[in-house]
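J.: What follows is a single structure, and I will ask about it in a moment.
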Amino acid sequence: MGLYNYLAKRVAFSFAIVMLVAFISFLLIKEAPGDPAVLLGGEGATPQYLQTIRQEYGLNLPVEQQLVIYFEHLLTGNLGFSVTYNQPVASVIMERLLNTILLVGSAFLFSLVLGIALGVLSASKPYSIRDRVITAISLLFYSTPVFVTGLVLIYLFVIKVRLFPAGGMFTIGSQNSLFTFIPSLLYHLILPMLTLSTFFLATYILLTRSGLIESMNSNYVMMARAKGAGERRVLINHALRNALLPVVTVASIQLGLIVTGAILTENIFSWPGIGSLLIQAVNYRDYALVTGIFVITAISVAAANLLADIIYGVIDPRIKTGG
Amino acid sequence: MKLLKLHMLRRIFAERETFAGIALVSPIVIFALFANFIAPYNPLIYASAPPLEPPSVGHIMGTDQTGGDIFSQVVYGSRVALYVALCSVALSLVIAVAAGLTSGYFGGIAGEAIMRIADLVLSIPSFVLIILVVVLFGSRLNNIVLIIALVSWPALARIIRAEVLSLKEREFVLAAKAIGAGQIDIMVNEILPNVWFKLMPAVTLQAGLAVVIEAGISFLGLGDPNTSSWGRTLMFAYQSVYSGAWWGIVFPTIAVVMTVMGFNLVGEGISKSLSPKLATHQK
């Protein structure tokens with residue numbers, strides 16, 4: 001029953017993350033200079049609405065009770081009301097969440113597949129010219145911030161060579177038919193996806209490479225060779241499988257970083273996701289929306305982490321036996 | 001203990017990566033230290049020249065859309081970047097050493113609890129948290145540094161704990177115990193000096209990340225308006241990118257990449273010198 005135990009622990013952990021994030025946002029709103037009613041409602045709130053907020057969140061009650069009320073709101077999915085969008089915060093965010101997931105998901109898959117492939121290519125001939133070139137490029141990507149990559153790509157492929165659109169998600173008018181909408185969407189997705197991919201691509205290349213080189217010198221690979229398995233079979237079936245475990249671990253640890261990258265990428269390419277919503281909310285001083293995005297991002301990261309844990313629990317046999 | 005350290009340092013400097021890294025970071029350090037003498041203009045004053053001038057003798061890196069001198073911004077930006085890297089790493093090290101040492105040395109429920117808290121903190125979407133803090137408390141550089149430190153200590157604490165767990169049963173620690181050294185004395189004088197080198201790759205990685213995070217915040221227009229960050233220069237470059245002014249992109253980019261890559265290479269050099277598998281023996 002190792003697996004169930006493990007999963008129960010991970011679910012509890014995800015829940016704890018969300019509670020911690022909720023607690024942090026409560027603490028920040030309490031401690032920030034300014035009227036908490038405004039910090040819950042937003043700079044554009046009318047006096048009547050501020051009065052409603054004071055009532056609703058019990059701002060004249062003792063702090064412990066305020067905390068309880070705040071948690072009650074969050075647990076029932078009430079993230080407050082966005083004054084700028086004239087809608088509940090939760091529904092403003094949900095409208096954009098799918099766009100962010102599309103961007104992050106495609107960038108993640110792209111960098112994972114290409115990263116592992118290039119890592120294998122690199123490690124199959126260690127210290128050759130091919131290996132050195134791949135490693136050097138990875139190191140360059142690894143040290144380049146996402147927004148710098150985006151800026152350079154815009155300069156090269158939007159302004160110098162007019163190959164791609166500068167931003168947005170689709171050409172206006174294309175959304176009437178699926179046959180024009182999907183190509184337009186993919187066309188707009190390419191640059192932001194590449195931008196967000198580069199850093200993670202570099203990580204996966206370097207991890208796969210070092211993992212493979214290490215396992216190629218291990219006893220079980222020697223054993224496979226001794227049995228007469230071909231070099232390709234040894235590489236893919238024996239060495240790669242073990243080299244991939246750290247890639248999965250790091251991929252889930254880096255989810256927070258991918259959020260950072262997504263926020264910057266969306267703002268550069270005006271991709272209508274949560275990251276660009278966040279900066280709009282900041283500029284309008286729509287505090288309820290900013291706080292809501294903080295909580296929703298934490299929940300999304302926790303959910304994605306949980307998913308990674310489940311995958312890990314299934315592929316790593318040691319977890320099932322509780323070892 | 002002194003001897004051990006010298007010998008470690010010699011091994012670290014024997015790696016090519018360490019030298020390459022130091023070579024990349026040195027100009028940035030010189031810019032940061034002598035910014036007042038090197039930069040010809042005040043980076044925060046607009047309109048020192050006509051806007052969007054390409055590189056020339058007067059403005060060797062050109063000017064931005066407000067007429068600001070980009071070379072001066074790059075020079076003063078080094079100061080901001082290194083300040084953020086040093087302060088946030090130092091602060092997060094203080095927390096990480098306290099948390100990692102207690103957790104590893106004493107263990108027990110408190111030790112477990114510390115590590116669970118570390119795991120939780122690691123899962124907070126830190127960039128959004130920094131933006132939230134900037135919105136609620138203002139965008140002073142020290143606010144940004146403080147939050148970076150508060151969310152980045154767990155990675156270091158984990159390494160310290162793991163090292164302490166393996167070191168505390170070693171002979172030299174047992175020997176110190178046997179001659180009656182106190183627990184604080186053992187932690188600080190016996191265990192800690194041996195943890196530093198294992199910790200360095202993670203520290204340099206974090207220093208690079210801190211630079212990138214601060215630049216990202218400034219790039220979004222949320223940075224400290226009283227400091228000249230590379231992110232701010234890049235934000236201006238982004239706003240005027242359609243004019244084709246490449247100089248606003250290229251020079252701050254080189255500065256950021258040099259710094260982050262320099263840090264990463266030094267880290268790589270240190271971890272190579274520590275790992276007998278990776279060091280020297282290459283085909």
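Ligands are numbered from 1 in the order shown, residues from 1 within each chain, and chains are lettered A, B, ... in the order they appear in the structure tokens.
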If the cut-off is 7 Å, can you tell me the residues of chain A near chain B, counting only C-alpha atoms? I'd like them as a ChimeraX atom specification.
T.: /A:17,21,32-33,127,143-145,148,151,155,159,256,260,282,290-291,294,297-298
